[in-house]
Amino acid sequence: MTGNEIRRRFLDFFKERGHLIQPSAPLSIDDPTLLFTIAGMVPLKTFFLGERRPPATRLASCQVCFRTNDLEKVGQTSHHHTLFEMLGNFSLGDYFKDEACEWGWEFVTKELGLKKENLWITIFRGDDETYEIWKKIGIPPSKILKKDEEDNFWSLAEVGPCGPDTEIFFDRGQGFGCARSNCEPGCGCSRWVELWNLVFMQFNRDKVGRLSPLPSKNIDTGMGLERTASVLQGVEDDYQTDLFSSILDWLKNLLPQKIHEEKSFRIICDHLRALTFLLGEEILPSNVGKGYVVRRILRRAHRFGRRLGLEDPFLYQGVTTVVKLMEEPYPHLKKMQEQIVSVIKAEEENFRDTLSRGMRILDTLIGNLKAKGRKLIPPRDVFRLYDTYGFPMELTAEIALEEGLAIDKKATEILLSEQKKWGREDFTKKRQDMRQFIALTHLTSLKEQIGRVEFKGYETLKLETPLVGIIKKKNLAEELNQGEEGELILASTPFYPEGGGQIGDQGLIFTSNSRAEVVDTQKMNEELILHRVKMLKGKVKKREKVVAQVDKKRRKAISRAHTATHLLQAVLREILGRIVKQSGSLVDEDRFRFDFTYFSAITKDEFRRITLLLNEKIREVLPVTVEETTLDEAHQRGAIALFEPKYKERVRLVNIGEFSKEVCGGTHLSNLGEIGLVKIISESSIASGVRRIEALVGEKALKWGEEKENLLKTIATKLGTSEDGILARLQEKEERLQNQDRQLKRWQEKSINLEITKMLDGAWEIGKVKVVSGKWDNLSAEILREAAEKLKAKLKKGIVVLASVSPNKAFLVAASTQKNLSADKIIKEVCCLTGGSGGGRWDFAQGGTSQPSKVRKALEKVPSIVEKYLLLTKS
């Protein structure tokens, strides 16, 4: 029976028994206690807790799940997976233990055709009710085993719904497994297959471990499709079922030579399946949260591919096989196939160099530690591999374990946290200054006095309002005088505080007798907004009424840039695909920076199309409208929401016609025509899978174009040609310079050949070794290397050290015929005398220095350096 047929039969069986069939919910779950959907009941958790009303009291599903709690076991056993399918039937206050057990038994014995004599039952010790139900169904008491809480009491997490459970086990027979006399269901060996877990969800466990009854008694069952398929298809290994076999065949056909490495095969097949589903939901690789897990398993699979001889990126080639295998129940994978391939390939290419470099260093480190009989890789080395070479700590730990070593994870994490602490201290001084002005006691006091500052900046740029708080020199004050600086807090304000990438407003706060310049606006928390001011005239007093007025021209320029970022994201998704997601931004006056996820370099054609579409949409003068709605409603309408956990229930939805929909709290234009012009001035990669676009809009974009036009005119004048003739004139000059370079090289080669004979005649002889050294002015590195090789070829036994000196630097080379006179060691010592550095192989090495004046004396020391190494060799 195929995996597809098992899935189909299960859902049909429970549909006939009044269950509403639920589609598989996303792996990315909106639950603060979980990163992913780890069980079939996760999407139904709020129903079990009574927080939401279910669509029916009887539900059934085949849920795709993802877990990494046993990641190190994936590959080591025949049944551990990160991604798996969980068949489940659920009752929400409807039926309970009797029906769950009866239908479970009926399905496995009649629908799946498993022999009753091969089936065993486990129950929670003390659950006499379930014991009697199984006896009534016809299970011999000898095949009903009572287990403790760790075996037969199920919970989703430390906190949440839980309850006793009963399990149906399949016995493969005495010819399988550990053969111990006490071997029984739950042993963990291959004899016993846990087919189905029926959970009687009765309780909710709180943070301190207390159990309280749920609003209703519920049923939550889980049957692993992969394990069930292995039983029905008569194989001992899940990876030999039809749910994996085509992936395994693809992998074996890809190998450069026949090799049998069971663990690597399983890891690659499992992780590739998981990656296809995760990326199919646009959960993209990153260094945090869900994205970090994606990156980790991708890199793990790639590393095990290298163990099979697959040095180049290969995982992406298997996506087609996975999609073909799984597209019948999960058709969305086919639509996302091209994007999945692109992301995996880019990640593999990025990681290949990191892995090669890190493995060389780690192999040397492990070899040295083993030679010294040590079992622990020092935390500083684990940290250095991560910090300097980007080599993940988890990967170091896994490789160390394979080599019989370990890492001190806790000590390494302390080093990592210290590094992050220093990184955080590098935030901009402005942000530090603004947020360090108020001690926590003052903050509490302000909250009590003021309450919430009301932001009115969407509706107006000028208003009259009470001045409710003054901070001067980090302390609360009653007034602020002319020439002083401080922070003002208003009851309501039109000033937008920095947030969502948008910089804070500037403007004026004044009365008839005073005037304060607002140089920045910051949000202290969700309730307090601070206006950083310089008192230009008079003084302001707490509790007096003031007029707050935003700099209108500046706000307009910022809004142009902010609306342009929304437009850019929509254009990028239109041209590059839905893989594009904002990962950061800075919105300033008529300029912006936009960071986004994308895993390939943007081609010239794509860049041209992006620029054209941006300005085409501006010319269409699409309306920009803002409305308030719920986050769920925004999602249903296809809106993008960047930082979902930070949003409140009611959100602002910014629409650009039907072209863009984003949840956003920033300020915007009323139509795209007000942007005027967008000019992208740079596009680059800033991290693995993250790219950055910097652009100018409006007046700044226009001025940028004028500056470039003036620059071209100046260059044309200097070259004595028109603007159209600049390229041709530069090509002429380039050709002339190349001819001069060729002539200079020929002259230098002739000069060197004449010098070589003289240098050989004047060589030092130490023992039977000839030593040649010399220097030239402004000789190219290429010719200097050639000269060293020519001299070496003429020496039967010797070493050559040469230098090319220019006003600000010098380049040195060494060539040796003798392994005991390593060019690498000699160049290092010579360069050290010059204040520089060098290195290379035993037969050829090179180096340099920024202190050319020291070269002559260093070369004079070459004979004594050679003599020292000869004496060391003899001793």
# chains A, B, ... in the order shown; residues from 1 in each chain; ligands from 1
call {"tool": "select_by_dssp", "arguments": {"residues": "segment 9-142 of chain A", "states": "alpha helix (DSSP H)", "output": "PyMOL selection string"}}
result
chain A and resi 9-15+45-48+97-106+128-137
call {"tool": "residues_around", "arguments": {"residues": "Phe314 of chain A", "least_positions_apart": "3", "cutoff": "9 Å", "atoms": "only C-alpha atoms", "output": "ChimeraX atom specification"}}
result
/A:254,302,305,310-311,317-318,345,348
call {"tool": "write_last_selection", "arguments": {"atoms": "all heavy atoms", "output": "PDB file, in the first residue's frame"}}
result
ATOM      1  N   LEU A 254      23.500  10.386  -8.399  1.00  0.00           N
ATOM      2  CA  LEU A 254      24.287  11.617  -8.465  1.00  0.00           C
ATOM      3  C   LEU A 254      25.731  11.407  -8.018  1.00  0.00           C
ATOM      4  O   LEU A 254      26.614  12.191  -8.364  1.00  0.00           O
ATOM      5  CB  LEU A 254      23.621  12.677  -7.574  1.00  0.00           C
ATOM      6  CG  LEU A 254      23.992  14.147  -7.770  1.00  0.00           C
ATOM      7  CD1 LEU A 254      23.536  14.647  -9.131  1.00  0.00           C
ATOM      8  CD2 LEU A 254      23.360  14.996  -6.661  1.00  0.00           C
ATOM      9  N   HIS A 302      24.296  19.598   3.256  1.00  0.00           N
ATOM     10  CA  HIS A 302      25.388  19.871   2.312  1.00  0.00           C
ATOM     11  C   HIS A 302      26.685  19.242   2.809  1.00  0.00           C
ATOM     12  O   HIS A 302      27.452  18.661   2.026  1.00  0.00           O
ATOM     13  CB  HIS A 302      25.569  21.374   2.139  1.00  0.00           C
ATOM     14  CG  HIS A 302      26.649  21.742   1.176  1.00  0.00           C
ATOM     15  ND1 HIS A 302      26.463  21.724  -0.188  1.00  0.00           N
ATOM     16  CD2 HIS A 302      27.947  22.098   1.377  1.00  0.00           C
ATOM     17  CE1 HIS A 302      27.597  22.073  -0.782  1.00  0.00           C
ATOM     18  NE2 HIS A 302      28.510  22.305   0.147  1.00  0.00           N
ATOM     19  N   GLY A 305      26.747  15.642   2.171  1.00  0.00           N
ATOM     20  CA  GLY A 305      26.962  15.405   0.742  1.00  0.00           C
ATOM     21  C   GLY A 305      28.442  15.380   0.410  1.00  0.00           C
ATOM     22  O   GLY A 305      28.910  14.567  -0.409  1.00  0.00           O
ATOM     23  N   LEU A 310      30.415  14.771  -2.963  1.00  0.00           N
ATOM     24  CA  LEU A 310      29.701  15.827  -3.689  1.00  0.00           C
ATOM     25  C   LEU A 310      30.228  17.188  -3.219  1.00  0.00           C
ATOM     26  O   LEU A 310      29.704  17.788  -2.286  1.00  0.00           O
ATOM     27  CB  LEU A 310      28.194  15.717  -3.458  1.00  0.00           C
ATOM     28  CG  LEU A 310      27.560  14.399  -3.932  1.00  0.00           C
ATOM     29  CD1 LEU A 310      26.137  14.264  -3.420  1.00  0.00           C
ATOM     30  CD2 LEU A 310      27.584  14.311  -5.458  1.00  0.00           C
ATOM     31  N   GLU A 311      31.284  17.650  -3.859  1.00  0.00           N
ATOM     32  CA  GLU A 311      31.960  18.881  -3.441  1.00  0.00           C
ATOM     33  C   GLU A 311      31.173  20.136  -3.827  1.00  0.00           C
ATOM     34  O   GLU A 311      31.175  21.126  -3.108  1.00  0.00           O
ATOM     35  CB  GLU A 311      33.363  18.956  -4.067  1.00  0.00           C
ATOM     36  CG  GLU A 311      34.304  17.855  -3.608  1.00  0.00           C
ATOM     37  CD  GLU A 311      34.730  17.995  -2.160  1.00  0.00           C
ATOM     38  OE1 GLU A 311      34.808  19.140  -1.682  1.00  0.00           O
ATOM     39  OE2 GLU A 311      34.967  16.968  -1.498  1.00  0.00           O
ATOM     40  N   GLN A 317      19.404  20.235  -6.929  1.00  0.00           N
ATOM     41  CA  GLN A 317      19.046  19.380  -8.062  1.00  0.00           C
ATOM     42  C   GLN A 317      17.980  18.341  -7.690  1.00  0.00           C
ATOM     43  O   GLN A 317      17.317  17.789  -8.563  1.00  0.00           O
ATOM     44  CB  GLN A 317      20.290  18.662  -8.580  1.00  0.00           C
ATOM     45  CG  GLN A 317      21.377  19.601  -9.094  1.00  0.00           C
ATOM     46  CD  GLN A 317      22.636  18.849  -9.504  1.00  0.00           C
ATOM     47  OE1 GLN A 317      22.570  17.819 -10.171  1.00  0.00           O
ATOM     48  NE2 GLN A 317      23.786  19.356  -9.095  1.00  0.00           N
ATOM     49  N   GLY A 318      17.834  18.072  -6.378  1.00  0.00           N
ATOM     50  CA  GLY A 318      16.865  17.071  -5.942  1.00  0.00           C
ATOM     51  C   GLY A 318      15.482  17.611  -5.662  1.00  0.00           C
ATOM     52  O   GLY A 318      14.560  16.835  -5.389  1.00  0.00           O
ATOM     53  N   LYS A 345      20.237  26.580  -3.984  1.00  0.00           N
ATOM     54  CA  LYS A 345      21.490  26.682  -4.746  1.00  0.00           C
ATOM     55  C   LYS A 345      22.348  27.840  -4.238  1.00  0.00           C
ATOM     56  O   LYS A 345      23.564  27.696  -4.031  1.00  0.00           O
ATOM     57  CB  LYS A 345      21.191  26.866  -6.235  1.00  0.00           C
ATOM     58  CG  LYS A 345      22.447  26.843  -7.109  1.00  0.00           C
ATOM     59  CD  LYS A 345      22.107  26.992  -8.583  1.00  0.00           C
ATOM     60  CE  LYS A 345      23.375  26.934  -9.432  1.00  0.00           C
ATOM     61  NZ  LYS A 345      23.082  27.138 -10.861  1.00  0.00           N
ATOM     62  N   GLU A 348      23.841  26.999  -0.818  1.00  0.00           N
ATOM     63  CA  GLU A 348      24.932  26.026  -0.937  1.00  0.00           C
ATOM     64  C   GLU A 348      26.204  26.693  -1.448  1.00  0.00           C
ATOM     65  O   GLU A 348      27.306  26.415  -0.962  1.00  0.00           O
ATOM     66  CB  GLU A 348      24.537  24.902  -1.890  1.00  0.00           C
ATOM     67  CG  GLU A 348      23.550  23.906  -1.314  1.00  0.00           C
ATOM     68  CD  GLU A 348      23.389  22.695  -2.209  1.00  0.00           C
ATOM     69  OE1 GLU A 348      22.610  22.778  -3.172  1.00  0.00           O
ATOM     70  OE2 GLU A 348      24.047  21.681  -1.958  1.00  0.00           O
TER      71      GLU A 348
END
call {"tool": "closest_residue", "arguments": {"among": "A:Lys874, A:Lys474, A:Lys700, A:Arg608", "to": "Ala557 of chain A", "atoms": "only C-alpha atoms"}}
result
A:Lys700
call {"tool": "closest_atom_pairs", "arguments": {"of": "segment 73-189 of chain A", "to": "segment 194-201 of chain A", "cutoff": "8 Å", "atoms": "only C-alpha atoms", "output": "CSV"}}
result
residue,atom,partner,partner_atom,distance
A:Phe96,CA,A:Phe200,CA,7.4
A:Lys97,CA,A:Phe200,CA,6.9
A:Ala100,CA,A:Leu198,CA,7.2
A:Cys101,CA,A:Leu198,CA,7.6
A:Phe153,CA,A:Val199,CA,8.0
A:Trp154,CA,A:Val199,CA,6.7
A:Pro161,CA,A:Met201,CA,6.6
A:Cys162,CA,A:Met201,CA,5.3
A:Gly163,CA,A:Met201,CA,4.6
A:Pro164,CA,A:Phe200,CA,5.6
A:Asp165,CA,A:Val199,CA,4.2
A:Thr166,CA,A:Leu198,CA,5.3
A:Glu167,CA,A:Asn197,CA,4.5
A:Ile168,CA,A:Trp196,CA,5.2
A:Phe169,CA,A:Glu194,CA,4.6
A:Phe170,CA,A:Glu194,CA,6.5
A:Pro185,CA,A:Glu194,CA,7.9
A:Gly186,CA,A:Glu194,CA,7.7
call {"tool": "select_by_dssp", "arguments": {"residues": "segment 249-449 of chain A", "states": "strand (DSSP E or B)", "output": "list of chain:residue names"}}
result
A:Leu376, A:Ile377, A:Ala406, A:Ile407
call {"tool": "closest_residue", "arguments": {"among": "A:Cys183, A:Leu870, A:Leu622, A:Leu795", "to": "Ile826 of chain A", "atoms": "only C-alpha atoms"}}
result
A:Leu870
call {"tool": "closest_residue", "arguments": {"among": "A:Thr77, A:Ser142, A:Thr221, A:Thr611", "to": "Met41 of chain A", "atoms": "only C-alpha atoms"}}
result
A:Thr221
call {"tool": "atom_distance", "arguments": {"atom1": "atom CA of Ala716 of chain A", "atom2": "atom CA of Glu734 of chain A"}}
result
15.9 Å
call {"tool": "residues_around", "arguments": {"residues": "Glu413 of chain A", "least_positions_apart": "3", "cutoff": "12 Å", "atoms": "only C-alpha atoms", "output": "list in words"}}
result
Pro379, Arg380, Val382, Phe383, Tyr386, Asp387, Pro392, Met393, Glu394, Ile407, Asp408, Lys409, Lys410, Leu416, Ser417, Glu418, Gln419 and Lys420 of chain A
call {"tool": "closest_residue", "arguments": {"among": "A:Lys661, A:Arg619, A:Lys258, A:Lys537", "to": "Ala570 of chain A", "atoms": "only C-alpha atoms"}}
result
A:Lys661
call {"tool": "residues_around", "arguments": {"residues": "Gly483 of chain A", "least_positions_apart": "4", "cutoff": "7 Å", "atoms": "only C-alpha atoms", "output": "JSON list (two decimals) with C-alpha atoms, in the first residue's frame"}}
result
[["chain", "number", "residue", "atom", "x", "y", "z"],
["A", 534, "LYS", "CA", 17.20, 73.32, 21.75],
["A", 535, "MET", "CA", 15.70, 76.43, 23.33],
["A", 536, "LEU", "CA", 16.18, 79.27, 20.83]]
call {"tool": "atom_distance", "arguments": {"atom1": "atom CA of Thr228 of chain A", "atom2": "atom CA of Met1 of chain A"}}
result
9.9 Å
call {"tool": "closest_residue", "arguments": {"among": "A:Ser559, A:Ser230, A:Ser688, A:Ser512", "to": "Ala346 of chain A", "atoms": "only C-alpha atoms"}}
result
A:Ser688
call {"tool": "closest_residue", "arguments": {"among": "A:Ala810, A:Ala815, A:Ile6, A:Leu833", "to": "Ala788 of chain A", "atoms": "only C-alpha atoms"}}
result
A:Ala815
